[in-house]
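Visitor: Sharing query_24.tsv, TSV, C-alpha atoms and all ligand atoms:
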```tsv
chain	number	residue	atom	x	y	z
S	1	MET	CA	0.00	0.00	0.00
S	2	ASN	CA	1.36	3.46	-0.81
S	3	GLN	CA	1.36	6.45	1.56
S	4	ARG	CA	-1.81	7.86	0.08
S	5	GLU	CA	-3.73	4.62	0.55
S	6	LEU	CA	-2.42	4.31	4.12
S	7	PHE	CA	-3.47	7.91	4.75
S	8	PHE	CA	-7.06	7.11	3.83
S	9	ARG	CA	-7.00	3.87	5.79
S	10	HIS	CA	-5.39	4.97	9.06
S	11	VAL	CA	-5.36	8.76	9.41
S	12	ALA	CA	-8.65	10.20	10.67
S	13	GLN	CA	-10.33	12.36	8.05
S	14	THR	CA	-12.06	15.70	8.53
S	15	SER	CA	-13.94	15.63	5.24
S	16	THR	CA	-14.90	13.16	2.60
S	17	ALA	CA	-12.67	14.90	0.07
S	18	PRO	CA	-9.31	15.87	1.58
S	19	LEU	CA	-6.71	17.38	-0.72
S	20	ALA	CA	-4.48	14.33	-0.11
S	21	LEU	CA	-1.41	15.65	-1.91
S	22	GLU	CA	1.65	13.87	-0.64
S	23	ILE	CA	4.17	16.62	0.05
S	24	VAL	CA	7.71	15.37	0.62
S	25	LYS	CA	9.59	18.64	0.92
S	26	ALA	CA	8.97	22.33	1.55
S	27	ALA	CA	11.26	25.36	1.42
S	28	GLY	CA	10.52	29.09	1.25
S	29	SER	CA	7.30	29.53	-0.73
S	30	ARG	CA	7.49	26.18	-2.52
S	31	LEU	CA	6.30	22.64	-1.89
S	32	TRP	CA	7.21	19.43	-3.74
S	33	ASP	CA	5.05	16.32	-3.97
S	34	ALA	CA	6.07	12.66	-4.14
S	35	ASP	CA	6.26	12.83	-7.95
S	36	GLY	CA	8.68	15.75	-7.80
S	37	LYS	CA	6.03	18.25	-8.91
S	38	GLU	CA	6.58	21.78	-7.58
S	39	TYR	CA	3.86	24.04	-6.14
S	40	ILE	CA	3.87	27.70	-5.23
S	41	ASP	CA	2.25	27.86	-1.80
S	42	LEU	CA	-0.50	30.49	-1.57
S	43	ILE	CA	-1.78	29.19	1.78
S	44	ALA	CA	1.30	29.05	4.04
S	45	GLY	CA	-0.29	26.31	6.15
S	46	ILE	CA	-3.20	28.77	6.73
S	47	SER	CA	-1.13	31.82	7.76
S	48	VAL	CA	1.51	29.81	9.60
S	49	CYS	CA	4.68	29.93	7.53
S	50	ASN	CA	5.07	33.74	7.41
S	51	VAL	CA	8.89	33.49	7.19
S	52	GLY	CA	8.59	30.69	4.62
S	53	HIS	CA	8.87	26.95	5.02
S	54	ARG	CA	11.95	25.82	6.90
S	55	HIS	CA	13.69	29.17	7.16
S	56	PRO	CA	17.38	28.28	7.81
S	57	ARG	CA	17.48	30.30	11.04
S	58	VAL	CA	14.37	28.55	12.35
S	59	VAL	CA	15.78	25.13	11.47
S	60	LYS	CA	19.08	26.04	13.17
S	61	ALA	CA	17.30	27.16	16.35
S	62	ILE	CA	15.26	23.94	16.46
S	63	LYS	CA	18.41	21.82	16.05
S	64	LYS	CA	20.18	23.74	18.80
S	65	GLN	CA	17.27	23.24	21.19
S	66	LEU	CA	17.11	19.52	20.35
S	67	ASP	CA	20.64	19.20	21.71
S	68	GLU	CA	19.74	20.93	24.99
S	69	TYR	CA	16.34	19.66	26.20
S	70	LEU	CA	12.89	18.71	24.95
S	71	HIS	CA	9.90	18.57	27.31
S	72	LEU	CA	10.81	18.93	30.97
S	73	LEU	CA	7.72	19.62	33.07
S	74	VAL	CA	4.19	21.05	32.73
S	75	TYR	CA	3.99	24.67	31.60
S	76	GLY	CA	4.84	27.34	34.15
S	77	GLU	CA	6.93	25.42	36.69
S	78	LEU	CA	10.48	25.66	35.37
S	79	VAL	CA	12.45	28.55	33.95
S	80	GLN	CA	13.01	27.61	30.31
S	81	SER	CA	15.14	30.03	28.36
S	82	PRO	CA	13.35	29.67	24.96
S	83	GLN	CA	10.03	30.62	26.65
S	84	VAL	CA	11.54	33.48	28.63
S	85	GLN	CA	13.43	34.93	25.68
S	86	TYR	CA	10.44	34.61	23.38
S	87	ALA	CA	8.03	36.21	25.86
S	88	LYS	CA	10.53	39.05	26.32
S	89	LEU	CA	10.93	39.65	22.57
S	90	ILE	CA	7.17	39.56	21.88
S	91	THR	CA	6.30	41.91	24.73
S	92	ASN	CA	9.12	44.28	23.66
S	93	HIS	CA	7.15	44.68	20.43
S	94	LEU	CA	3.75	45.21	22.06
S	95	PRO	CA	2.28	48.16	23.98
S	96	GLY	CA	3.60	48.19	27.57
S	97	SER	CA	0.27	47.02	29.04
S	98	LEU	CA	0.58	43.66	27.24
S	99	ASN	CA	3.47	42.37	29.31
S	100	SER	CA	2.59	38.81	30.36
S	101	VAL	CA	2.50	35.84	27.97
S	102	PHE	CA	0.73	32.56	28.65
S	103	PHE	CA	1.94	30.01	26.07
S	104	THR	CA	-0.46	27.30	24.88
S	105	ASN	CA	-0.42	24.43	22.37
S	106	SER	CA	-2.73	25.97	19.81
S	107	GLY	CA	-4.86	28.92	18.85
S	108	ALA	CA	-8.02	27.33	20.23
S	109	GLU	CA	-6.36	26.73	23.59
S	110	ALA	CA	-5.35	30.41	23.68
S	111	VAL	CA	-9.02	31.28	23.05
S	112	GLU	CA	-10.11	28.98	25.89
S	113	GLY	CA	-7.55	30.47	28.28
S	114	ALA	CA	-8.55	34.02	27.40
S	115	MET	CA	-12.27	33.36	27.94
S	116	LYS	CA	-11.51	31.83	31.34
S	117	LEU	CA	-9.29	34.78	32.19
S	118	ALA	CA	-12.10	37.20	31.31
S	119	LYS	CA	-14.64	35.36	33.48
S	120	ARG	CA	-12.24	35.08	36.40
S	121	THR	CA	-11.11	38.73	36.15
S	122	THR	CA	-14.54	40.31	35.81
S	123	GLY	CA	-16.71	37.82	37.71
S	124	ARG	CA	-19.12	38.05	34.75
S	125	THR	CA	-20.33	35.45	32.29
S	126	GLN	CA	-21.57	37.18	29.14
S	127	ILE	CA	-19.33	36.84	26.10
S	128	ILE	CA	-19.90	38.91	22.98
S	129	ALA	CA	-18.55	37.44	19.75
S	130	PHE	CA	-19.21	38.08	16.08
S	131	LYS	CA	-21.08	36.45	13.26
S	132	GLN	CA	-18.74	34.89	10.65
S	133	SER	CA	-15.73	34.97	12.97
S	134	TYR	CA	-13.68	31.82	13.50
S	135	HIS	CA	-11.87	31.10	16.76
S	136	GLY	CA	-11.21	27.35	16.82
S	137	SER	CA	-12.77	23.93	17.16
S	138	THR	CA	-12.70	23.07	20.88
S	139	GLN	CA	-16.07	23.38	22.63
S	140	GLY	CA	-15.46	26.81	24.16
S	141	ALA	CA	-14.03	28.22	20.93
S	142	LEU	CA	-16.79	26.52	18.95
S	143	SER	CA	-19.37	28.24	21.18
S	144	ILE	CA	-18.15	31.64	20.08
S	145	ILE	CA	-17.58	31.03	16.37
S	146	GLY	CA	-20.07	32.93	14.28
S	147	ASP	CA	-21.74	30.34	12.07
S	148	GLU	CA	-24.57	28.07	13.18
S	149	TYR	CA	-23.80	25.36	10.60
S	150	TRP	CA	-20.53	24.56	12.39
S	151	ARG	CA	-22.04	24.76	15.90
S	152	GLN	CA	-25.41	23.05	15.60
S	153	ALA	CA	-24.37	19.41	15.99
S	154	PHE	CA	-22.41	19.97	19.19
S	155	ARG	CA	-24.90	21.57	21.56
S	156	PRO	CA	-25.11	22.21	24.45
S	157	LEU	CA	-22.28	24.70	24.11
S	158	LEU	CA	-21.24	27.56	26.41
S	159	PRO	CA	-24.19	29.63	27.70
S	160	ASP	CA	-24.44	33.43	27.63
S	161	VAL	CA	-22.63	33.87	24.32
S	162	TRP	CA	-24.05	36.57	22.06
S	163	HIS	CA	-23.27	36.69	18.35
S	164	LEU	CA	-23.57	40.13	16.80
S	165	ASP	CA	-22.68	41.74	13.49
S	166	HIS	CA	-19.02	42.70	13.12
S	167	GLY	CA	-18.90	46.43	12.47
S	168	SER	CA	-22.42	47.15	13.79
S	169	MET	CA	-23.49	49.79	16.30
S	170	GLU	CA	-25.85	47.21	17.79
S	171	ALA	CA	-22.78	45.28	18.96
S	172	ILE	CA	-21.29	48.32	20.68
S	173	GLU	CA	-24.63	49.04	22.38
S	174	ALA	CA	-24.93	45.43	23.59
S	175	ILE	CA	-21.76	45.72	25.70
S	176	THR	CA	-22.72	46.41	29.31
S	177	GLU	CA	-21.49	45.95	32.90
S	178	ARG	CA	-22.62	42.34	32.50
S	179	THR	CA	-20.17	41.61	29.68
S	180	ALA	CA	-17.03	39.69	30.65
S	181	CYS	CA	-15.35	40.09	27.29
S	182	VAL	CA	-15.75	40.97	23.66
S	183	ILE	CA	-13.74	38.74	21.37
S	184	ALA	CA	-13.08	40.00	17.86
S	185	GLU	CA	-10.79	39.45	14.92
S	186	PRO	CA	-9.31	42.79	13.79
S	187	VAL	CA	-9.71	41.46	10.23
S	188	GLN	CA	-12.30	38.73	9.78
S	189	ALA	CA	-10.34	36.07	7.94
S	190	GLU	CA	-12.67	33.11	7.35
S	191	ARG	CA	-15.51	35.42	6.33
S	192	GLY	CA	-13.32	36.15	3.31
S	193	VAL	CA	-11.15	39.03	4.57
S	194	PHE	CA	-13.33	41.83	5.95
S	195	THR	CA	-11.68	44.80	7.66
S	196	PRO	CA	-13.94	46.87	9.92
S	197	ALA	CA	-13.91	50.67	9.99
S	198	LYS	CA	-11.28	52.20	12.25
S	199	ALA	CA	-14.00	54.23	14.00
S	200	TRP	CA	-15.90	51.02	14.85
S	201	MET	CA	-12.86	49.35	16.39
S	202	GLN	CA	-12.19	52.51	18.39
S	203	ALA	CA	-15.81	52.61	19.56
S	204	LEU	CA	-15.50	48.95	20.61
S	205	ARG	CA	-12.39	49.79	22.62
S	206	LYS	CA	-14.10	52.78	24.24
S	207	LYS	CA	-17.21	50.85	25.26
S	208	CYS	CA	-15.17	47.97	26.70
S	209	THR	CA	-13.16	50.42	28.77
S	210	ALA	CA	-16.32	52.20	29.96
S	211	THR	CA	-17.99	48.94	31.07
S	212	GLY	CA	-14.92	47.17	32.50
S	213	THR	CA	-15.19	44.54	29.77
S	214	LEU	CA	-12.02	42.86	28.50
S	215	LEU	CA	-11.41	43.45	24.80
S	216	ILE	CA	-9.85	40.28	23.39
S	217	LEU	CA	-8.40	40.57	19.89
S	218	ASP	CA	-7.82	37.34	18.03
S	219	GLU	CA	-4.69	37.89	15.93
S	220	ILE	CA	-4.09	34.18	15.48
S	221	GLN	CA	-4.36	34.64	11.74
S	222	THR	CA	-3.48	38.33	11.34
S	223	GLY	CA	-0.38	38.47	13.57
S	224	PHE	CA	3.29	38.51	12.62
S	225	GLY	CA	3.20	40.92	9.71
S	226	ARG	CA	0.47	39.21	7.69
S	227	THR	CA	-1.43	42.49	7.20
S	228	GLY	CA	1.61	44.70	6.65
S	229	THR	CA	2.00	45.77	10.27
S	230	LEU	CA	3.45	43.45	12.89
S	231	TRP	CA	-0.01	43.33	14.55
S	232	ALA	CA	-3.24	44.24	12.77
S	233	PHE	CA	-4.52	46.18	15.82
S	234	GLU	CA	-1.86	48.84	15.10
S	235	GLN	CA	-3.95	49.88	12.08
S	236	PHE	CA	-6.76	50.97	14.41
S	237	ASN	CA	-4.69	52.83	17.02
S	238	ILE	CA	-6.10	50.71	19.82
S	239	THR	CA	-4.65	48.26	22.33
S	240	PRO	CA	-6.57	45.15	23.37
S	241	ASP	CA	-6.72	43.92	26.96
S	242	VAL	CA	-5.90	40.43	25.79
S	243	LEU	CA	-4.13	39.50	22.56
S	244	LEU	CA	-4.44	36.01	21.08
S	245	LEU	CA	-1.64	34.58	18.98
S	246	GLY	CA	-1.10	31.25	17.24
S	247	LYS	CA	-0.27	29.98	13.75
S	248	ALA	CA	2.87	31.99	12.74
S	249	LEU	CA	3.78	32.31	16.45
S	250	GLY	CA	5.63	28.97	16.34
S	251	GLY	CA	7.54	29.57	13.09
S	252	GLY	CA	6.08	26.30	11.74
S	253	MET	CA	5.87	24.51	15.10
S	254	PRO	CA	2.64	24.24	17.18
S	255	LEU	CA	2.30	27.15	19.58
S	256	GLY	CA	-0.38	29.55	20.80
S	257	ALA	CA	-0.47	32.33	23.38
S	258	PHE	CA	-2.75	34.73	25.18
S	259	ILE	CA	-1.13	37.92	26.34
S	260	ALA	CA	-2.43	40.39	28.92
S	261	ASN	CA	-1.25	42.71	31.66
S	262	GLN	CA	0.39	40.94	34.56
S	263	SER	CA	-2.26	42.33	36.95
S	264	VAL	CA	-4.97	40.60	34.90
S	265	MET	CA	-3.00	37.43	34.18
S	266	GLY	CA	-2.28	37.07	37.91
S	267	HIS	CA	-5.89	35.95	38.42
S	268	LEU	CA	-5.05	32.58	36.89
S	269	ALA	CA	-2.61	31.89	39.73
S	270	ASP	CA	-5.16	32.34	42.49
S	271	ASN	CA	-8.63	31.03	43.44
S	272	PRO	CA	-8.28	28.57	41.95
S	273	VAL	CA	-4.54	28.17	41.75
S	274	LEU	CA	-3.61	26.68	38.35
S	275	GLY	CA	-6.50	28.57	36.71
S	276	HIS	CA	-5.28	27.38	33.34
S	277	ILE	CA	-2.84	24.52	32.98
S	278	THR	CA	-1.32	22.71	30.06
S	279	THR	CA	1.35	20.03	29.78
S	280	PHE	CA	2.98	20.96	26.50
S	281	GLY	CA	2.00	24.64	26.11
S	282	GLY	CA	5.13	26.67	25.39
S	283	HIS	CA	7.18	23.62	24.43
S	284	PRO	CA	10.86	24.66	24.37
S	285	VAL	CA	11.43	23.52	20.78
S	286	CYS	CA	8.34	25.43	19.60
S	287	CYS	CA	9.40	28.55	21.51
S	288	ALA	CA	12.94	28.32	20.11
S	289	ALA	CA	11.50	28.05	16.59
S	290	GLY	CA	9.06	30.93	17.14
S	291	LEU	CA	11.75	33.12	18.67
S	292	ALA	CA	13.98	32.55	15.64
S	293	ALA	CA	11.08	33.26	13.26
S	294	LEU	CA	10.21	36.54	14.99
S	295	LYS	CA	13.86	37.59	14.87
S	296	VAL	CA	13.81	36.92	11.11
S	297	LEU	CA	10.66	39.04	10.72
S	298	LEU	CA	12.21	41.88	12.69
S	299	LYS	CA	15.59	41.72	10.93
S	300	GLU	CA	14.52	41.21	7.33
S	301	THR	CA	12.23	43.55	5.40
S	302	LEU	CA	9.41	41.02	4.95
S	303	VAL	CA	6.78	43.09	6.79
S	304	GLN	CA	7.77	46.29	4.98
S	305	GLU	CA	7.40	44.49	1.61
S	306	VAL	CA	3.86	43.22	2.30
S	307	GLN	CA	2.04	46.21	0.79
S	308	GLN	CA	4.14	46.14	-2.41
S	309	LYS	CA	3.45	42.43	-2.85
S	310	GLU	CA	-0.25	42.97	-2.10
S	311	ALA	CA	-0.33	45.68	-4.80
S	312	LEU	CA	1.30	43.33	-7.32
S	313	PHE	CA	-1.33	40.64	-6.65
S	314	LEU	CA	-4.11	43.24	-6.96
S	315	LYS	CA	-2.69	44.51	-10.27
S	316	LEU	CA	-2.44	41.01	-11.76
S	317	LEU	CA	-5.69	39.53	-10.43
S	318	LYS	CA	-7.99	41.15	-12.98
S	319	HIS	CA	-10.61	39.12	-14.84
S	320	PRO	CA	-14.32	39.70	-15.53
S	321	ALA	CA	-15.18	36.51	-13.59
S	322	ILE	CA	-13.63	37.95	-10.41
S	323	LYS	CA	-16.40	39.73	-8.51
S	324	GLU	CA	-14.11	41.34	-5.96
S	325	VAL	CA	-10.68	41.00	-4.39
S	326	ARG	CA	-10.65	41.96	-0.70
S	327	SER	CA	-7.30	42.23	0.99
S	328	ASN	CA	-5.45	43.44	4.02
S	329	GLY	CA	-1.77	42.96	3.28
S	330	LEU	CA	-1.01	39.41	2.20
S	331	MET	CA	-4.37	38.15	3.39
S	332	MET	CA	-6.53	38.18	0.30
S	333	ALA	CA	-9.91	36.80	-0.80
S	334	VAL	CA	-10.69	36.50	-4.51
S	335	GLU	CA	-14.47	36.26	-4.81
S	336	PHE	CA	-16.27	34.34	-7.58
S	337	ASP	CA	-19.98	33.85	-8.21
S	338	SER	CA	-20.20	30.47	-6.45
S	339	TYR	CA	-18.36	27.69	-4.65
S	340	ASP	CA	-18.58	25.55	-7.81
S	341	THR	CA	-16.76	28.15	-9.88
S	342	ASN	CA	-14.18	28.64	-7.12
S	343	LYS	CA	-13.63	24.89	-6.72
S	344	ARG	CA	-13.12	24.41	-10.46
S	345	ILE	CA	-10.52	27.21	-10.49
S	346	ILE	CA	-8.78	25.94	-7.34
S	347	ASP	CA	-8.53	22.42	-8.78
S	348	ALA	CA	-7.05	23.81	-12.00
S	349	CYS	CA	-4.55	25.92	-10.00
S	350	ILE	CA	-3.40	22.88	-8.04
S	351	ALA	CA	-3.10	20.83	-11.23
S	352	ASN	CA	-0.87	23.59	-12.57
S	353	GLY	CA	1.36	23.94	-9.52
S	354	VAL	CA	-0.32	26.62	-7.38
S	355	LEU	CA	-1.69	25.58	-4.00
S	356	THR	CA	-4.73	27.49	-2.80
S	357	ASP	CA	-8.14	26.79	-1.21
S	358	TRP	CA	-11.30	28.52	-0.01
S	359	PHE	CA	-12.44	30.14	3.25
S	360	LEU	CA	-14.50	28.36	5.89
S	361	PHE	CA	-17.36	30.87	5.86
S	362	ALA	CA	-16.84	32.04	2.26
S	363	PRO	CA	-16.60	29.01	-0.01
S	364	GLN	CA	-16.98	31.23	-3.07
S	365	CYS	CA	-13.71	33.00	-2.21
S	366	MET	CA	-10.21	31.78	-3.09
S	367	ARG	CA	-7.64	32.09	-0.29
S	368	ILE	CA	-4.39	33.89	-1.04
S	369	VAL	CA	-2.30	33.96	2.14
S	370	PRO	CA	1.23	33.09	0.97
S	371	PRO	CA	4.43	33.02	2.99
S	372	LEU	CA	5.55	36.65	3.30
S	373	THR	CA	8.77	35.51	1.61
S	374	ILE	CA	6.99	35.01	-1.71
S	375	SER	CA	8.98	36.77	-4.45
S	376	PRO	CA	7.54	39.10	-7.14
S	377	LYS	CA	8.52	36.42	-9.68
S	378	GLU	CA	6.53	33.78	-7.79
S	379	ILE	CA	3.58	36.17	-7.47
S	380	LYS	CA	3.61	36.76	-11.25
S	381	ARG	CA	3.79	33.04	-11.95
S	382	ALA	CA	1.00	32.23	-9.48
S	383	CYS	CA	-1.28	34.95	-10.87
S	384	LYS	CA	-0.67	33.73	-14.43
S	385	VAL	CA	-1.80	30.26	-13.37
S	386	ILE	CA	-4.87	31.67	-11.56
S	387	ILE	CA	-5.95	33.79	-14.53
S	388	ALA	CA	-5.44	30.85	-16.93
S	389	ALA	CA	-7.48	28.63	-14.55
S	390	ILE	CA	-10.34	31.19	-14.52
S	391	SER	CA	-10.32	31.40	-18.32
S	392	GLY	CA	-10.40	27.58	-18.22
M	401	LIG	N1	-8.59	32.05	15.61
M	401	LIG	C1	-8.46	32.28	14.28
M	401	LIG	C2	-8.71	33.65	13.74
M	401	LIG	C3	-8.10	31.23	13.43
M	401	LIG	O1	-7.99	31.47	12.12
M	401	LIG	C4	-7.87	29.96	13.98
M	401	LIG	C5	-7.50	28.82	13.10
M	401	LIG	O2	-7.71	28.82	11.92
M	401	LIG	C6	-8.01	29.77	15.37
M	401	LIG	C7	-8.37	30.84	16.14
M	401	LIG	C8	-7.79	28.41	15.99
M	401	LIG	O3	-6.44	28.07	15.97
M	401	LIG	P1	-6.03	26.51	16.06
M	401	LIG	O4	-6.44	25.86	14.79
M	401	LIG	O5	-4.53	26.56	16.24
M	401	LIG	O6	-6.70	25.95	17.25
```
Show me the file's structure as structure tokens.
Guide:
Amino acid sequence: MNQRELFFRHVAQTSTAPLALEIVKAAGSRLWDADGKEYIDLIAGISVCNVGHRHPRVVKAIKKQLDEYLHLLVYGELVQSPQVQYAKLITNHLPGSLNSVFFTNSGAEAVEGAMKLAKRTTGRTQIIAFKQSYHGSTQGALSIIGDEYWRQAFRPLLPDVWHLDHGSMEAIEAITERTACVIAEPVQAERGVFTPAKAWMQALRKKCTATGTLLILDEIQTGFGRTGTLWAFEQFNITPDVLLLGKALGGGMPLGAFIANQSVMGHLADNPVLGHITTFGGHPVCCAAGLAALKVLLKETLVQEVQQKEALFLKLLKHPAIKEVRSNGLMMAVEFDSYDTNKRIIDACIANGVLTDWFLFAPQCMRIVPPLTISPKEIKRACKVIIAAISG
């Protein structure tokens, strides 16, 4: 039996039609399959590989850590240099109020931790979240995602969760002294890349402050330069009370984090003690990889080049069948008239060496979220393939 057959036989499936490409190697913005076919990666592992696949500095840091120690003890008990150094570097590049990092295994676990932190800090239960926002697949995160299709089979879910329209005044008005937290994506990714008005985000911040509600921003997908600024919240001139990170945080290794002020985070150490615990959260190899990846982002000009690369995509992605291209940096949604059209084009792109897919809540939109390392030459080649696939 070959790998593909074994995959279908023994690896649990999440859909009846997985992509099932057998990738044997990845580097920079390229992937190679078992037949030696090359692909330009327009997905980056869903916003993970911002510094490209297997950046040499990330690989070097992982190898160095392998020679020192792997897992030692549950999160938070021992001083582990990769965690300490990474927390220091991240917080050095955040507003001063965000000075305490709780590392987790994944984005969803960061969401869970942050919701618990908000309940424990405020003594309140109401959570306000947004329609067409995605926050993860665990039961707490599932409770707050904004699409009933994905939630309905798993009830009962968390009580006292309100789903409102992203960008609406109704949402601002709904925030009261009863609200523990508002959790929002600064750019709604899985809806197909929607950026709210700056004034709305500022009004959200203002109302949360006025009501003592924690504003949690989910930058699991938008963080680490994806939108052209290191953090998307910078574009709105606001600071969240809690910042959620994941995906690119680990430089290609599994890692999540929720970040808050130490005075808020301290609640998880008391009544009950061990308010959030995790065995592998902040694994030293993952932190070493993430630390190296962030150093690459800060040293190289990848973030500064995002807008130029976005402009090149926008210039080249012109075709009458494209209804709209929405973008915020290198997070782009190319909208067609239907899922069927999109699927046909995606399949043709993959057949011709360009890996892309669709968005969870916007199946009619093609996802373009490449490694930030993608070169202008690769962008031109990828767009040529996309346009040819549309013309069919
Ligand atoms: N939040 C956002 C905005 C995401 O895009 C995702 C994953 O796609 C998550 C949370 C959940 O992260 P994870 O899949 O690591 O649990």
Visitor: Would you name the residues within 7 Å of ligand LIG 401 (chain M), counting only C-alpha atoms and all ligand atoms, and put them as a PyMOL selection string?
Guide: chain S and resi 46+106-109+111+134-137+185+189-190+218-221+246-247+256
Visitor: Given the choices S:Ser143, S:Ser168, S:Ser47, S:Asn352, which gets closest to Thr227 (chain S) if the distance is worked out from only C-alpha atoms?
Guide: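 Of S:Ser143, S:Ser168, S:Ser47, S:Asn352, the one nearest Thr227 (chain S) is S:Ser47, counting only C-alpha atoms.
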Visitor: Which residues are close to Leu314 (chain S), i.e. within 8 Å by only C-alpha atoms, leaving aside same-chain residues fewer than 4 positions away? Reply as a VMD selection string.
Guide: chain S and resid 310 318 325
Visitor: Which polymer residues have any atom within 6 Å of an atom of region 74-89 of chain S, counting only C-alpha atoms, with same-chain residues fewer than 4 positions away left out, as a ChimeraX atom specification?
Guide: /S:101,278-279,281,284,287-288,291
Visitor: Would you put the residues from that selection into a file with C-alpha atoms, as a compact mmCIF listing (two decimals), keeping the file's coordinate frame?
Guide:
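result_22.txt, freshly written:
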```txt
# COMPACT_ATOMS: atom_id res chain seq x y z
CA VAL S 101 2.50 35.84 27.97
CA THR S 278 -1.32 22.71 30.06
CA THR S 279 1.35 20.03 29.78
CA GLY S 281 2.00 24.64 26.11
CA PRO S 284 10.86 24.66 24.37
CA CYS S 287 9.40 28.55 21.51
CA ALA S 288 12.94 28.32 20.11
CA LEU S 291 11.75 33.12 18.67
```
Visitor: Counting only C-alpha atoms, select every polymer residue within 9 Å of (-4.6, 12.8, -1.3) as defined in the file's coordinates, and provide the selection as a list in words.
Guide: Arg4, Glu5, Phe7, Phe8, Ala17, Pro18, Leu19, Ala20, Leu21 and Glu22 of chain S
Visitor: Store the residues picked out above, limited to C-alpha atoms, as a PDB file, in the coordinates of the input.
Guide:
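part-v6.pdb was written with the following content:
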```pdb
ATOM      1  CA  ARG S   4      -1.810   7.860   0.080  1.00  0.00           C
ATOM      2  CA  GLU S   5      -3.730   4.620   0.550  1.00  0.00           C
ATOM      3  CA  PHE S   7      -3.470   7.910   4.750  1.00  0.00           C
ATOM      4  CA  PHE S   8      -7.060   7.110   3.830  1.00  0.00           C
ATOM      5  CA  ALA S  17     -12.670  14.900   0.070  1.00  0.00           C
ATOM      6  CA  PRO S  18      -9.310  15.870   1.580  1.00  0.00           C
ATOM      7  CA  LEU S  19      -6.710  17.380  -0.720  1.00  0.00           C
ATOM      8  CA  ALA S  20      -4.480  14.330  -0.110  1.00  0.00           C
ATOM      9  CA  LEU S  21      -1.410  15.650  -1.910  1.00  0.00           C
ATOM     10  CA  GLU S  22       1.650  13.870  -0.640  1.00  0.00           C
TER      11      GLU S  22
END
```
Visitor: Hey, what's within 6 Å of region 195-197 of chain S if we count only C-alpha atoms and toss same-chain stuff fewer than 3 positions away? As an MDAnalysis selection string, please?
Guide: chainID S and resid 167 187 200
Visitor: Closest to Ala333 (chain S) among S:Ala171, S:Ile90, S:Ile43, S:Leu70, using all atoms listed in the file?
Guide: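 Closest candidate: S:Ile43.
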Visitor: From the set S:Val182, S:Leu330, S:Leu317, S:Ala129, which residue has the shortest atom-to-atom contact distance to Asp165 (chain S), counting all atoms listed in the file?
Guide: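 For Asp165 (chain S), the nearest of the given residues is S:Ala129.
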Visitor: Counting all atoms listed in the file, which of S:Ala362, S:Arg344, S:Thr209, S:Val242 gets nearest to Gln132 (chain S)?
Guide: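 The shortest atom-to-atom distance to Gln132 (chain S) comes from S:Ala362.
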Visitor: Near Gly123 (chain S), counting all atoms listed in the file, which residues have an atom at most 10 Å away, once you skip same-chain residues fewer than 3 positions from it, shown as a list of chain:residue names?
Guide: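 In the requested form, the answer reads S:Leu117, S:Ala118, S:Lys119, S:Arg120, S:Gln126, S:Arg178, S:Thr179, S:Ala180.
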Visitor: Could you check which of S:Ala141, S:Met201, S:Val369, S:Val51 is closest to Glu234 (chain S), using all atoms listed in the file?
Guide: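 When distances to Glu234 (chain S) are compared using all atoms listed in the file, the smallest one comes from S:Met201.
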Visitor: Taking 4 positions as the minimum chain separation for residues in the same chain, which residues sit within 8 Å of Val296 (chain S) when counting all atoms listed in the file? Answer as a compact mmCIF listing (two decimals) with C-alpha atoms, keeping the file's coordinate frame.
Guide:
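Here's the written file part_18.txt:
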```
# COMPACT_ATOMS: atom_id res chain seq x y z
CA VAL S 51 8.89 33.49 7.19
CA ARG S 57 17.48 30.30 11.04
CA ALA S 292 13.98 32.55 15.64
CA GLU S 300 14.52 41.21 7.33
```
Visitor: With distances taken over all atoms listed in the file, which residue among S:Val273, S:Glu177, S:His267, S:Ile127 lies nearest Ile216 (chain S)?
Guide: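 Answer, going by the shortest atom-to-atom distance: S:Ile127.
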Visitor: Which residues, protein or nucleic acid, reach to within 12 Å of (-5.5, 36.1, -0.5) in the file's coordinates when using only C-alpha atoms, and can you give that as a PyMOL selection string?
Guide: chain S and resi 41-44+46-47+189-190+192-194+226-227+309-311+313-314+317+324-335+355-359+365-372+379+382-383+386
Visitor: If I take CA of Leu215 (chain S) and CA of Cys181 (chain S), how far is one from the other in Å, to one decimal?
Guide: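 Going from CA of Leu215 (chain S) over to CA of Cys181 (chain S), I get 5.7 Å.
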